[in-house]
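In what follows, a single structure is set out as structure tokens and then discussed.
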Amino acid sequence: MAEDDLESNVEDDEMHSKSLLETVSESKGTHSRISFEEFTDERMLVSYDAFGNKQMKIKVLEVSDENPPSKWKFGDRVKVSKILVTIKHLTSQEVEEGEFDIEAIERELAEKRHYTSTNRWVPANDIKNGYVVGSRHTTLISDASALDYIVF
């Protein structure tokens, strides 16, 4: 009996040490650990204004199910419909957030000024963890900037 108790204690200790090594997400079965290739540097997702006083991050909230034209020419792209823009003022550490329906803003600008400059087609590779890469920020917010919804 003493040997059975000793073996069960050893097994319990091994199971306990394995559970300590697991992260919380792994123990829940989500497996959220990412490989080095999937890692996205935060600096890649942020863009700055001309003076370096503000930084902006854009999260994609909704994409259209429309098929991209000329997939063979432009690659795999998605049409973004709604975004969440987060602007951080670096001098005061104040954070502003706003949700924008790019499709509605595009229609409004076309109606008011008879043109639109937004390119809502974003390459799928330029969306990392739900955020748009900083080099694509200008193309997504150009109409909102023209209507003074965003001052950046």
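Convention: chains lettered A, B, ... in structure tokens order; per-chain residue numbering from 1; ligands numbered from 1 as shown.
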
Near A:Glu66, within 10 Å and counting only C-alpha atoms, which residues show up once chain neighbours fewer than 6 positions away are dropped, as a PDB file with N, CA, C and O atoms, in the first residue's frame?
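Written file, around15.pdb:
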ATOM      1  N   VAL A  78      -9.289  42.083 -49.329  1.00  0.00           N
ATOM      2  CA  VAL A  78     -10.602  42.158 -48.692  1.00  0.00           C
ATOM      3  C   VAL A  78     -11.076  43.606 -48.734  1.00  0.00           C
ATOM      4  O   VAL A  78     -10.268  44.532 -48.707  1.00  0.00           O
ATOM      5  N   LYS A  79     -12.386  43.791 -48.802  1.00  0.00           N
ATOM      6  CA  LYS A  79     -12.966  45.132 -48.838  1.00  0.00           C
ATOM      7  C   LYS A  79     -13.439  45.485 -47.430  1.00  0.00           C
ATOM      8  O   LYS A  79     -14.359  44.877 -46.901  1.00  0.00           O
ATOM      9  N   VAL A  80     -12.811  46.468 -46.835  1.00  0.00           N
ATOM     10  CA  VAL A  80     -13.087  46.865 -45.455  1.00  0.00           C
ATOM     11  C   VAL A  80     -14.316  47.763 -45.419  1.00  0.00           C
ATOM     12  O   VAL A  80     -14.426  48.699 -46.204  1.00  0.00           O
TER      13      VAL A  80
END

Q | Option closest in space to A:Ser145, from A:Leu45, A:Leu84, A:Ile102, A:Val95 [counting only C-alpha atoms] | A | A:Ile102

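Proximity to A:Ile58 at 10 Å, evaluated using only C-alpha atoms and with sequence-adjacent residues fewer than 6 positions away removed, yields Leu45, Val46, Ser47, Ile83, Leu84, Val85, Thr86, Ile87, Glu97, Gly98, Glu99, Ile127, Gly130, Tyr131, Val132, Val133, Gly134, Arg136, His137, Leu140 and Ile141 of chain A.
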
Take the residues just selected and output them with N, CA and C atoms as a short mmCIF file (atom, residue, chain, number, x, y, z; two decimals), in the first residue's frame.
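File produced: part.cif:
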data_model
loop_
_atom_site.label_atom_id
_atom_site.label_comp_id
_atom_site.auth_asym_id
_atom_site.auth_seq_id
_atom_site.Cartn_x
_atom_site.Cartn_y
_atom_site.Cartn_z
N LEU A 45 2.08 48.22 -36.87
CA LEU A 45 0.65 48.52 -36.91
C LEU A 45 0.33 49.99 -36.63
N VAL A 46 1.34 50.76 -36.27
CA VAL A 46 1.13 52.15 -35.84
C VAL A 46 1.67 53.10 -36.90
N SER A 47 0.92 54.20 -37.12
CA SER A 47 1.42 55.27 -37.99
C SER A 47 1.44 56.57 -37.18
N ILE A 83 -14.23 50.34 -39.48
CA ILE A 83 -12.96 50.34 -38.76
C ILE A 83 -13.11 51.04 -37.41
N LEU A 84 -12.20 50.72 -36.51
CA LEU A 84 -12.10 51.41 -35.23
C LEU A 84 -10.74 52.09 -35.22
N VAL A 85 -10.76 53.41 -35.15
CA VAL A 85 -9.53 54.20 -35.18
C VAL A 85 -9.19 54.63 -33.76
N THR A 86 -7.96 54.36 -33.35
CA THR A 86 -7.47 54.77 -32.05
C THR A 86 -6.31 55.73 -32.26
N ILE A 87 -6.46 56.96 -31.75
CA ILE A 87 -5.42 57.97 -31.88
C ILE A 87 -4.92 58.31 -30.48
N GLU A 97 -10.86 57.36 -29.47
CA GLU A 97 -11.28 56.21 -30.25
C GLU A 97 -12.56 56.55 -30.98
N GLY A 98 -12.67 56.07 -32.20
CA GLY A 98 -13.88 56.31 -32.96
C GLY A 98 -14.12 55.21 -33.97
N GLU A 99 -15.38 54.84 -34.11
CA GLU A 99 -15.76 53.82 -35.08
C GLU A 99 -16.26 54.52 -36.33
N ILE A 127 -3.29 42.86 -43.09
CA ILE A 127 -4.11 42.84 -41.88
C ILE A 127 -3.49 41.81 -40.95
N GLY A 130 -6.06 41.41 -36.84
CA GLY A 130 -7.24 42.27 -36.88
C GLY A 130 -6.93 43.74 -37.08
N TYR A 131 -5.66 44.11 -37.10
CA TYR A 131 -5.24 45.50 -37.28
C TYR A 131 -4.64 45.69 -38.66
N VAL A 132 -4.84 46.89 -39.21
CA VAL A 132 -4.29 47.23 -40.52
C VAL A 132 -2.87 47.74 -40.34
N VAL A 133 -1.98 47.31 -41.22
CA VAL A 133 -0.59 47.75 -41.19
C VAL A 133 -0.55 49.27 -41.41
N GLY A 134 0.37 49.95 -40.74
CA GLY A 134 0.46 51.40 -40.76
C GLY A 134 0.56 52.02 -42.14
N ARG A 136 -1.05 51.35 -44.72
CA ARG A 136 -2.36 51.39 -45.37
C ARG A 136 -3.34 52.35 -44.69
N HIS A 137 -2.93 53.02 -43.63
CA HIS A 137 -3.83 53.90 -42.88
C HIS A 137 -4.35 55.05 -43.73
N LEU A 140 -7.21 54.24 -46.10
CA LEU A 140 -8.50 53.94 -45.47
C LEU A 140 -9.20 55.16 -44.88
N ILE A 141 -8.44 56.15 -44.43
CA ILE A 141 -9.08 57.29 -43.77
C ILE A 141 -9.12 58.55 -44.62
#

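Among A:Ile105, A:Val60, A:Ala50, A:Leu147, the residue with the shortest atom-to-atom distance to A:Asp126, counting only C-alpha atoms, is A:Val60.
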
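Closest approach to A:Pro123 from the set A:Tyr149, A:Asp76, A:Glu111, A:Thr40 is made by A:Asp76, with distances taken over only C-alpha atoms.
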
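Among A:His89, A:Arg120, A:Lys128, A:Arg107, the residue with the shortest atom-to-atom distance to A:Arg77, counting only C-alpha atoms, is A:Arg120.
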
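The closest residue to A:Lys112, picked from A:Ala146, A:Glu42, A:Pro69, A:Asn53 and counting only C-alpha atoms, is A:Ala146.
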
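With only C-alpha atoms as the atoms that count, the minimum distance from A:Glu103 to the choices A:Asp148, A:Asp143, A:Asp49, A:Asp41 is reached by A:Asp143.
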
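Relative to atom CA of A:Lys54, atom CA of A:Thr91 is found at 8.0 Å.
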
Q | A:Lys82 surroundings by only C-alpha atoms, 6 Å radius, close-in-sequence under 5 positions cut, as a PyMOL selection string | A | chain A and resi 61-62+100-102

Once you have the residues from the selection above, write them out as a PDB file, in the first residue's frame, restricted to N, CA, C and O atoms.
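Result saved to result15.pdb:
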ATOM      1  N   LEU A  61     -13.216  46.149 -38.141  1.00  0.00           N
ATOM      2  CA  LEU A  61     -14.385  45.615 -37.450  1.00  0.00           C
ATOM      3  C   LEU A  61     -15.266  44.782 -38.361  1.00  0.00           C
ATOM      4  O   LEU A  61     -15.883  43.825 -37.916  1.00  0.00           O
ATOM      5  N   GLU A  62     -15.325  45.172 -39.636  1.00  0.00           N
ATOM      6  CA  GLU A  62     -16.211  44.471 -40.565  1.00  0.00           C
ATOM      7  C   GLU A  62     -15.640  44.542 -41.974  1.00  0.00           C
ATOM      8  O   GLU A  62     -15.120  45.571 -42.386  1.00  0.00           O
ATOM      9  N   PHE A 100     -15.798  54.063 -37.488  1.00  0.00           N
ATOM     10  CA  PHE A 100     -16.170  54.683 -38.750  1.00  0.00           C
ATOM     11  C   PHE A 100     -16.692  53.641 -39.718  1.00  0.00           C
ATOM     12  O   PHE A 100     -16.096  52.584 -39.883  1.00  0.00           O
ATOM     13  N   ASP A 101     -17.816  53.972 -40.353  1.00  0.00           N
ATOM     14  CA  ASP A 101     -18.362  53.158 -41.424  1.00  0.00           C
ATOM     15  C   ASP A 101     -17.812  53.747 -42.717  1.00  0.00           C
ATOM     16  O   ASP A 101     -18.334  54.733 -43.237  1.00  0.00           O
ATOM     17  N   ILE A 102     -16.753  53.167 -43.227  1.00  0.00           N
ATOM     18  CA  ILE A 102     -16.064  53.723 -44.390  1.00  0.00           C
ATOM     19  C   ILE A 102     -16.970  53.751 -45.609  1.00  0.00           C
ATOM     20  O   ILE A 102     -16.912  54.672 -46.418  1.00  0.00           O
TER      21      ILE A 102
END
